[in-house]
file my_file.cif (mmCIF, C-alpha atoms and all ligand atoms)
data_protein
#
loop_
_atom_site.label_atom_id
_atom_site.label_comp_id
_atom_site.auth_asym_id
_atom_site.auth_seq_id
_atom_site.Cartn_x
_atom_site.Cartn_y
_atom_site.Cartn_z
CA MET Q 27 53.94 -60.47 59.05
CA SER Q 28 52.33 -63.93 58.72
CA GLY Q 29 49.38 -63.40 61.02
CA GLN Q 30 51.60 -62.03 63.77
CA GLY Q 31 50.58 -58.70 65.14
CA SER Q 32 47.31 -58.53 63.25
CA ARG Q 33 45.29 -57.56 66.33
CA LEU Q 34 46.87 -54.39 67.60
CA LEU Q 35 46.15 -51.50 69.90
CA LEU Q 36 47.79 -48.11 69.54
CA ILE Q 37 48.00 -46.19 72.80
CA GLY Q 38 49.32 -42.68 73.19
CA ALA Q 39 48.42 -39.18 74.25
CA PRO Q 40 46.32 -36.93 72.00
CA GLY Q 41 48.58 -35.97 69.09
CA ALA Q 42 51.03 -38.86 69.58
CA GLY Q 43 50.37 -40.02 66.01
CA LYS Q 44 47.96 -42.92 66.61
CA GLY Q 45 45.74 -42.07 63.63
CA THR Q 46 48.68 -41.40 61.29
CA GLN Q 47 50.37 -44.69 62.17
CA ALA Q 48 47.18 -46.76 62.27
CA ALA Q 49 46.37 -45.67 58.70
CA LEU Q 50 49.83 -46.78 57.48
CA LEU Q 51 49.72 -50.09 59.38
CA SER Q 52 46.22 -50.81 58.12
CA LYS Q 53 47.60 -50.80 54.55
CA THR Q 54 50.68 -52.87 55.41
CA LEU Q 55 48.79 -55.47 57.44
CA GLY Q 56 45.57 -55.46 55.40
CA VAL Q 57 43.31 -55.10 58.44
CA PRO Q 58 40.83 -52.31 59.24
CA HIS Q 59 41.79 -49.18 61.16
CA ILE Q 60 39.19 -48.71 63.89
CA SER Q 61 39.26 -45.30 65.59
CA THR Q 62 36.59 -44.55 68.17
CA GLY Q 63 37.29 -40.81 67.70
CA ASP Q 64 36.65 -41.12 63.94
CA MET Q 65 33.48 -43.14 64.60
CA PHE Q 66 32.16 -40.48 66.97
CA ARG Q 67 33.06 -37.68 64.50
CA ALA Q 68 31.25 -39.55 61.68
CA ALA Q 69 28.16 -39.99 63.90
CA LYS Q 70 28.34 -36.29 64.80
CA ALA Q 71 28.56 -35.28 61.12
CA MET Q 72 25.49 -37.42 60.36
CA GLY Q 73 23.63 -35.82 63.27
CA SER Q 74 22.62 -39.21 64.72
CA PRO Q 75 21.41 -39.20 68.38
CA MET Q 76 24.64 -40.95 69.43
CA GLY Q 77 26.70 -38.34 67.55
CA VAL Q 78 24.82 -35.46 69.17
CA MET Q 79 25.40 -37.02 72.59
CA ALA Q 80 29.11 -37.78 71.94
CA ARG Q 81 29.73 -34.22 70.76
CA LYS Q 82 28.86 -32.84 74.20
CA TYR Q 83 31.82 -34.74 75.66
CA MET Q 84 34.24 -34.38 72.74
CA GLU Q 85 33.93 -30.61 72.37
CA ARG Q 86 35.21 -30.14 75.93
CA GLY Q 87 37.85 -32.86 75.69
CA ALA Q 88 36.08 -35.26 78.07
CA LEU Q 89 35.63 -38.99 77.47
CA VAL Q 90 32.37 -40.33 76.09
CA PRO Q 91 30.85 -42.68 78.74
CA ASP Q 92 32.23 -46.23 78.72
CA LYS Q 93 28.85 -47.84 78.10
CA VAL Q 94 28.41 -46.07 74.75
CA THR Q 95 32.03 -46.47 73.67
CA ILE Q 96 32.20 -50.16 74.56
CA GLY Q 97 28.92 -50.73 72.70
CA ILE Q 98 30.17 -49.27 69.42
CA VAL Q 99 33.46 -51.20 69.58
CA GLU Q 100 31.67 -54.48 70.34
CA GLU Q 101 29.51 -53.96 67.29
CA ARG Q 102 32.42 -52.92 65.06
CA LEU Q 103 34.72 -55.83 65.99
CA GLN Q 104 32.00 -58.26 64.98
CA GLN Q 105 31.75 -56.90 61.42
CA PRO Q 106 33.01 -59.38 58.78
CA ASP Q 107 36.01 -57.23 57.74
CA ALA Q 108 37.38 -57.39 61.30
CA SER Q 109 37.37 -61.19 61.55
CA ASP Q 110 41.05 -61.55 60.58
CA GLY Q 111 42.43 -58.63 62.51
CA TRP Q 112 42.18 -54.94 63.31
CA ILE Q 113 44.08 -51.94 64.56
CA LEU Q 114 42.34 -50.16 67.41
CA ASP Q 115 43.21 -46.45 67.68
CA GLY Q 116 42.03 -44.63 70.79
CA PHE Q 117 40.30 -47.61 72.41
CA PRO Q 118 40.54 -48.71 75.18
CA ARG Q 119 41.14 -45.50 77.14
CA THR Q 120 39.90 -46.48 80.58
CA PRO Q 121 40.40 -49.55 82.78
CA GLY Q 122 36.69 -50.39 82.28
CA GLN Q 123 37.12 -50.35 78.49
CA ALA Q 124 40.24 -52.53 78.75
CA ARG Q 125 38.36 -55.13 80.83
CA ALA Q 126 35.43 -55.04 78.41
CA LEU Q 127 37.80 -55.62 75.48
CA ASP Q 128 39.37 -58.62 77.25
CA GLU Q 129 35.90 -60.08 77.83
CA LEU Q 130 34.80 -59.46 74.25
CA LEU Q 131 37.95 -61.05 72.79
CA ALA Q 132 37.50 -64.09 75.04
CA ARG Q 133 33.90 -64.43 73.79
CA LEU Q 134 35.03 -64.11 70.17
CA GLY Q 135 37.93 -66.55 70.70
CA GLN Q 136 40.42 -63.86 69.63
CA SER Q 137 43.66 -62.75 71.22
CA LEU Q 138 45.42 -59.41 71.38
CA ASP Q 139 48.78 -59.66 69.59
CA ALA Q 140 50.43 -56.40 70.56
CA VAL Q 141 49.98 -52.99 72.14
CA VAL Q 142 52.11 -50.15 70.77
CA LYS Q 143 52.63 -47.16 73.02
CA LEU Q 144 53.71 -44.00 71.15
CA THR Q 145 55.67 -41.59 73.33
CA VAL Q 146 55.90 -37.85 72.55
CA PRO Q 147 56.72 -35.01 75.01
CA ARG Q 148 53.91 -32.67 76.08
CA ASP Q 149 55.28 -29.55 74.33
CA GLU Q 150 55.40 -31.35 70.99
CA LEU Q 151 51.86 -32.75 71.50
CA ILE Q 152 50.55 -29.22 72.08
CA ARG Q 153 52.43 -27.92 69.03
CA ARG Q 154 51.05 -30.71 66.82
CA LEU Q 155 47.44 -30.37 67.95
CA THR Q 156 47.05 -26.60 68.10
CA GLY Q 157 48.62 -26.28 64.61
CA ARG Q 158 46.67 -29.17 63.07
CA ARG Q 159 44.18 -28.50 60.29
CA VAL Q 160 41.98 -31.23 58.85
CA CYS Q 161 39.99 -31.70 55.68
CA PRO Q 162 36.37 -32.54 56.58
CA GLN Q 163 35.84 -33.92 53.06
CA CYS Q 164 38.67 -36.47 52.61
CA GLY Q 165 40.22 -36.66 56.11
CA ALA Q 166 43.68 -35.34 55.10
CA ASN Q 167 45.75 -33.85 57.95
CA TYR Q 168 47.96 -30.74 57.79
CA HIS Q 169 50.02 -28.66 60.17
CA LEU Q 170 50.29 -24.87 59.87
CA ASP Q 171 54.11 -24.93 60.27
CA SER Q 172 55.40 -28.42 59.60
CA ALA Q 173 53.00 -29.72 56.92
CA PRO Q 174 51.15 -26.72 55.41
CA PRO Q 175 48.87 -27.12 52.38
CA ALA Q 176 50.13 -25.69 49.05
CA HIS Q 177 47.44 -22.97 49.22
CA ALA Q 178 46.56 -21.64 52.67
CA GLY Q 179 43.37 -23.16 54.06
CA ILE Q 180 42.73 -25.44 51.04
CA CYS Q 181 43.12 -29.23 50.90
CA ASN Q 182 45.82 -30.36 48.43
CA ARG Q 183 43.97 -33.59 47.74
CA CYS Q 184 40.38 -32.48 47.16
CA GLY Q 185 40.30 -28.66 47.21
CA HIS Q 186 37.91 -28.47 50.19
CA GLN Q 187 38.28 -25.75 52.85
CA LEU Q 188 40.37 -26.93 55.81
CA GLU Q 189 39.07 -26.75 59.38
CA GLN Q 190 40.42 -26.88 62.90
CA ARG Q 191 39.07 -29.83 64.89
CA GLU Q 192 36.60 -28.56 67.49
CA ASP Q 193 38.72 -30.05 70.29
CA ASP Q 194 42.09 -28.68 69.07
CA SER Q 195 41.89 -25.27 70.76
CA GLU Q 196 44.72 -24.79 73.27
CA GLN Q 197 42.45 -24.93 76.33
CA THR Q 198 40.72 -28.15 75.23
CA VAL Q 199 44.04 -29.74 74.24
CA MET Q 200 45.33 -29.13 77.80
CA HIS Q 201 42.24 -30.82 79.21
CA ARG Q 202 42.57 -33.78 76.81
CA LEU Q 203 46.17 -34.27 77.97
CA ASP Q 204 45.07 -34.24 81.63
CA VAL Q 205 42.31 -36.77 80.89
CA TYR Q 206 44.86 -39.00 79.14
CA HIS Q 207 47.16 -38.92 82.17
CA GLU Q 208 44.37 -39.70 84.62
CA SER Q 209 42.36 -42.29 82.71
CA THR Q 210 44.50 -43.88 80.01
CA ARG Q 211 48.05 -44.01 81.34
CA PRO Q 212 47.16 -46.77 83.87
CA LEU Q 213 46.53 -49.05 80.87
CA ILE Q 214 50.24 -49.02 80.02
CA ALA Q 215 51.02 -51.00 83.18
CA PHE Q 216 47.97 -53.22 82.55
CA TYR Q 217 49.32 -54.27 79.12
CA GLU Q 218 52.92 -54.42 80.31
CA LYS Q 219 51.84 -57.03 82.86
CA LYS Q 220 50.30 -59.06 80.06
CA GLY Q 221 53.64 -58.99 78.18
CA VAL Q 222 52.26 -57.42 74.99
CA LEU Q 223 53.52 -53.84 75.31
CA HIS Q 224 56.01 -52.26 72.87
CA ARG Q 225 57.21 -48.69 73.44
CA VAL Q 226 58.02 -46.65 70.34
CA ASP Q 227 59.49 -43.13 70.08
CA GLY Q 228 56.76 -41.07 68.44
CA THR Q 229 58.95 -38.01 67.88
CA LEU Q 230 60.72 -39.47 64.83
CA PRO Q 231 59.50 -38.55 61.34
CA VAL Q 232 56.28 -40.38 60.35
CA GLY Q 233 58.03 -42.98 58.11
CA LYS Q 234 60.60 -43.78 60.78
CA VAL Q 235 57.93 -44.25 63.44
CA ASN Q 236 56.23 -46.69 61.08
CA THR Q 237 59.48 -48.61 60.54
CA ALA Q 238 60.08 -48.70 64.30
CA ILE Q 239 56.58 -50.10 64.93
CA VAL Q 240 56.97 -52.80 62.30
CA ALA Q 241 60.36 -53.76 63.80
CA ALA Q 242 58.87 -53.78 67.31
CA LEU Q 243 56.07 -56.11 66.19
CA ARG Q 244 58.65 -58.60 64.94
CA ALA Q 245 60.56 -58.51 68.22
CA PRO Q 246 59.30 -60.07 71.46
CA ALA Q 247 57.43 -57.67 73.74
CA ALA Q 248 58.89 -56.75 77.12
CA ALA Q 249 58.60 -59.74 79.43
CA PRO Q 250 55.36 -59.85 81.45
CA VAL Q 251 55.72 -58.08 84.76
CA LYS Q 252 55.02 -60.43 87.67
CA ALA Q 253 52.42 -59.26 90.15
CA SER Q 254 54.10 -58.44 93.45
P1 LIG Q 301 40.51 -39.10 69.15
O1 LIG Q 301 40.01 -38.70 67.84
O2 LIG Q 301 40.96 -40.50 69.36
O3 LIG Q 301 41.62 -38.07 69.57
P2 LIG Q 301 42.94 -38.17 70.47
O4 LIG Q 301 43.22 -39.44 71.14
O5 LIG Q 301 42.84 -36.97 71.33
O6 LIG Q 301 44.08 -38.10 69.45
P3 LIG Q 301 44.23 -37.35 68.09
O7 LIG Q 301 43.37 -37.98 67.06
O8 LIG Q 301 44.12 -35.88 68.29
O9 LIG Q 301 45.77 -37.66 67.85
P4 LIG Q 301 46.47 -38.94 67.22
O10 LIG Q 301 47.27 -39.63 68.27
O11 LIG Q 301 45.54 -39.75 66.41
O12 LIG Q 301 47.51 -38.20 66.30
P5 LIG Q 301 47.49 -37.89 64.73
O13 LIG Q 301 48.01 -39.06 63.98
O14 LIG Q 301 46.20 -37.29 64.33
O15 LIG Q 301 39.38 -38.81 70.25
C1 LIG Q 301 38.68 -37.60 70.24
C2 LIG Q 301 37.63 -37.58 71.32
O16 LIG Q 301 36.67 -38.63 71.08
C3 LIG Q 301 38.12 -37.85 72.75
O17 LIG Q 301 38.62 -36.67 73.36
C4 LIG Q 301 36.83 -38.36 73.40
O18 LIG Q 301 35.95 -37.29 73.66
C5 LIG Q 301 36.23 -39.22 72.30
N1 LIG Q 301 36.72 -40.60 72.38
C6 LIG Q 301 37.47 -41.25 71.45
N2 LIG Q 301 37.76 -42.50 71.85
C7 LIG Q 301 37.19 -42.65 73.08
C8 LIG Q 301 37.16 -43.71 74.03
N3 LIG Q 301 37.78 -44.88 73.80
N4 LIG Q 301 36.48 -43.51 75.18
C9 LIG Q 301 35.84 -42.35 75.43
N5 LIG Q 301 35.84 -41.29 74.59
C10 LIG Q 301 36.52 -41.44 73.41
O19 LIG Q 301 48.64 -36.75 64.69
C11 LIG Q 301 48.43 -35.49 65.31
C12 LIG Q 301 49.10 -34.39 64.48
O20 LIG Q 301 50.51 -34.62 64.50
C13 LIG Q 301 48.69 -34.41 63.00
O21 LIG Q 301 48.65 -33.09 62.53
C14 LIG Q 301 49.79 -35.20 62.32
O22 LIG Q 301 49.97 -34.83 60.98
C15 LIG Q 301 51.02 -34.86 63.18
N6 LIG Q 301 51.97 -35.96 63.27
C16 LIG Q 301 51.69 -37.29 63.41
N7 LIG Q 301 52.83 -38.01 63.49
C17 LIG Q 301 53.86 -37.10 63.42
C18 LIG Q 301 55.27 -37.24 63.46
N8 LIG Q 301 55.87 -38.44 63.60
N9 LIG Q 301 56.02 -36.11 63.37
C19 LIG Q 301 55.41 -34.89 63.25
N10 LIG Q 301 54.07 -34.70 63.20
C20 LIG Q 301 53.29 -35.81 63.29
MG MG Q 302 43.48 -39.69 66.03
ZN ZN Q 303 40.50 -33.05 51.31
#
call {"tool": "encode", "arguments": {"input": "my_file.cif", "output": "structure tokens"}}
result
Amino acid sequence: MSGQGSRLLLIGAPGAGKGTQAALLSKTLGVPHISTGDMFRAAKAMGSPMGVMARKYMERGALVPDKVTIGIVEERLQQPDASDGWILDGFPRTPGQARALDELLARLGQSLDAVVKLTVPRDELIRRLTGRRVCPQCGANYHLDSAPPAHAGICNRCGHQLEQREDDSEQTVMHRLDVYHESTRPLIAFYEKKGVLHRVDGTLPVGKVNTAIVAALRAPAAAPVKAS
């Protein structure tokens, strides 16, 4: 992709497939996959003070405060492996985070190449998340109906016991979807105005979503929307 599209954001509701697609794109583009959710879960697993604090928000499906989230992304984007590009998954999620990212990129002399918005209807998001099971050892993802492990409750890859993510209970999923609508959806218009937004149908099979994203990155984004 000759340097084009090497600084990307994936935006979408919980369960839209951001993590799945970011992992695939990270291999294709050779740039790191940076997920704030994964960073908070790793901090939580280590029991660091930041992880203990983040858990209080995550377990009820609320957002971790901007100050903390912006701080960890600022630090991460300045690591040497992120100098030639990155794929941000789950950041920014608030207008404050989007402004902070703009400021950081300006300071670093970097530009944002593209924003990919994955669209999936609410019923399918709920189905995906409430049926998801994850391997805490190797990070593999399963679904009770559509992608079950060969042996119930056991990871195919590493044999570890599978778990349900703490925030994947039906009640918390509903709250996460509401938080997405209130806090994150406004960013779609923000990036559309900048002329970097690509909309991709996230209901297709995983491989086809990946192909659609790669094709979208080669095509021009929707024209910037003029301020009225
Ligand atoms: P985070 O970990 O980012 O969770 P999320 O945004 O709620 O999204 P998910 O990871 O659940 O879904 P995804 O879109 O990655 O989908 P996936 O590929 O896994 O954040 C968790 C929490 O951390 C937040 O609630 C908040 O507390 C905190 N946090 C994180 N970032 C923050 C920020 N910037 N500011 C403040 N707080 C923050 O796929 C989902 C399932 O669907 C999987 O089972 C998968 O196998 C399946 N699937 C994927 N694609 C397909 C497909 N095409 N067809 C069928 N099934 C599919
Ligand atoms: Mg994810
Ligand atoms: Zn595993």
call {"tool": "residues_near_ligand", "arguments": {"input": "my_file.cif", "ligand": "ligand ZN 303 (chain Q)", "cutoff": "7 Å", "atoms": "only C-alpha atoms and all ligand atoms", "output": "list in words"}}
result
Cys161, Pro162, Gln163, Cys164, Gly165, Ala166, Cys181, Asn182, Arg183, Cys184, Gly185 and His186 of chain Q
call {"tool": "residues_near_ligand", "arguments": {"input": "my_file.cif", "ligand": "ligand LIG 301 (chain Q)", "cutoff": "7 Å", "atoms": "all atoms listed in the file", "output": "PyMOL selection string"}}
result
chain Q and resi 38-47+61-64+66+83-84+87-92+95+115-119+154-155+158-159+167-169+202+228-232+235
call {"tool": "residues_near_point", "arguments": {"input": "my_file.cif", "point": "(43.4, -52.3, 62.9)", "cutoff": "8 Å", "atoms": "all atoms listed in the file", "output": "CSV table (one decimal) with C-alpha atoms, in the frame of the given file"}}
result
chain,number,residue,atom,x,y,z
Q,32,SER,CA,47.3,-58.5,63.2
Q,33,ARG,CA,45.3,-57.6,66.3
Q,34,LEU,CA,46.9,-54.4,67.6
Q,35,LEU,CA,46.2,-51.5,69.9
Q,48,ALA,CA,47.2,-46.8,62.3
Q,51,LEU,CA,49.7,-50.1,59.4
Q,52,SER,CA,46.2,-50.8,58.1
Q,57,VAL,CA,43.3,-55.1,58.4
Q,58,PRO,CA,40.8,-52.3,59.2
Q,59,HIS,CA,41.8,-49.2,61.2
Q,60,ILE,CA,39.2,-48.7,63.9
Q,111,GLY,CA,42.4,-58.6,62.5
Q,112,TRP,CA,42.2,-54.9,63.3
Q,113,ILE,CA,44.1,-51.9,64.6
Q,114,LEU,CA,42.3,-50.2,67.4
Q,115,ASP,CA,43.2,-46.4,67.7
call {"tool": "atom_distance", "arguments": {"input": "my_file.cif", "atom1": "CA of Ala132 in chain Q", "atom2": "CA of Ala108 in chain Q"}}
result
15.3 Å
call {"tool": "closest_residue", "arguments": {"input": "my_file.cif", "among": "Q:Val240, Q:Val226, Q:Val160, Q:Met79", "to": "ligand MG 302 (chain Q)", "atoms": "only C-alpha atoms and all ligand atoms"}}
result
Q:Val160
call {"tool": "closest_residue", "arguments": {"input": "my_file.cif", "among": "Q:Pro175, Q:Leu130, Q:Val78, Q:Glu85", "to": "Gly97 in chain Q", "atoms": "only C-alpha atoms"}}
result
Q:Leu130
call {"tool": "atom_distance", "arguments": {"input": "my_file.cif", "atom1": "CA of Gly77 in chain Q", "atom2": "CA of Gly56 in chain Q"}}
result
28.2 Å
call {"tool": "atom_distance", "arguments": {"input": "my_file.cif", "atom1": "CA of Val94 in chain Q", "atom2": "CA of Gln190 in chain Q"}}
result
25.6 Å
call {"tool": "closest_residue", "arguments": {"input": "my_file.cif", "among": "Q:Val205, Q:Leu170, Q:Ile98, Q:Val142", "to": "Leu127 in chain Q", "atoms": "all atoms listed in the file"}}
result
Q:Ile98
call {"tool": "closest_residue", "arguments": {"input": "my_file.cif", "among": "Q:Arg191, Q:Arg211, Q:Lys220, Q:Lys53", "to": "ligand MG 302 (chain Q)", "atoms": "all atoms listed in the file"}}
result
Q:Arg191
